[in-house]
Amino acid sequence: MEEAVHVDQDKIRKLYATLISFCRISNPHTLWDKYKKSMVEDILWRLQRVHAHMTFNDHIHNVALIIIENKVLTMVGKKLQDFGMLSPRRPDDSYFNDKIA
């Protein structure tokens with residue numbers, strides 16, 4: 001059951017990436033703010049397995065934005081900033097970037 005929940009959150013992130021890539025959303029940041037909790041729950045769950053007291057925070061939101069931006073880059077070759085959003089902070093570690101996508 002837990003695996004199904006994680007798949008759903010990835011689908012939500014993919015839908016968000018698709019909407020901002022192809023549907024000319026007037027304010028993608030507002031859409032992100034409204035649904036970001038739904039897009040990061042699986043990331044929080046994975047981190048809580050190691051850090052039991054972890055809660056929603058900027059790091060978790062940033063990880064989700066990296067995943068979303070990777071999807072947008074794959075779809076249309078653009079970054080989130082091209083759609084009026086702030087680009088996520090990316091670690092310099094390319095291994096990290098490959099593993100979270």
# chains A, B, ... in the order shown; residues from 1 in each chain; ligands from 1
>>> residues_around(residues="Leu44 in chain A", least_positions_apart="3", cutoff="10 Å", atoms="only C-alpha atoms", output="VMD selection string")
chain A and resid 37 39 to 41 47 to 49 51 to 52 54 to 57 59 to 61 63
>>> select_by_dssp(residues="range 57-99 of chain A", states="alpha helix (DSSP H)", output="PyMOL selection string")
chain A and resi 58-76+94-99
>>> closest_residue(among="A:Val50, A:Ile43, A:Leu86, A:Met75", to="Asp10 in chain A", atoms="only C-alpha atoms")
A:Ile43
>>> atom_distance(atom1="CA of Ser87 in chain A", atom2="CA of Asp33 in chain A")
14.7 Å
>>> residues_around(residues="Phe22 in chain A", least_positions_apart="3", cutoff="10 Å", atoms="only C-alpha atoms", output="list in words")
Ala17, Thr18, Leu19, Ile25, Val72, Met75 and Val76 of chain A
>>> atom_distance(atom1="CA of Arg24 in chain A", atom2="CA of Asp42 in chain A")
27.2 Å
>>> atom_distance(atom1="CA of Arg89 in chain A", atom2="CA of His53 in chain A")
23.3 Å
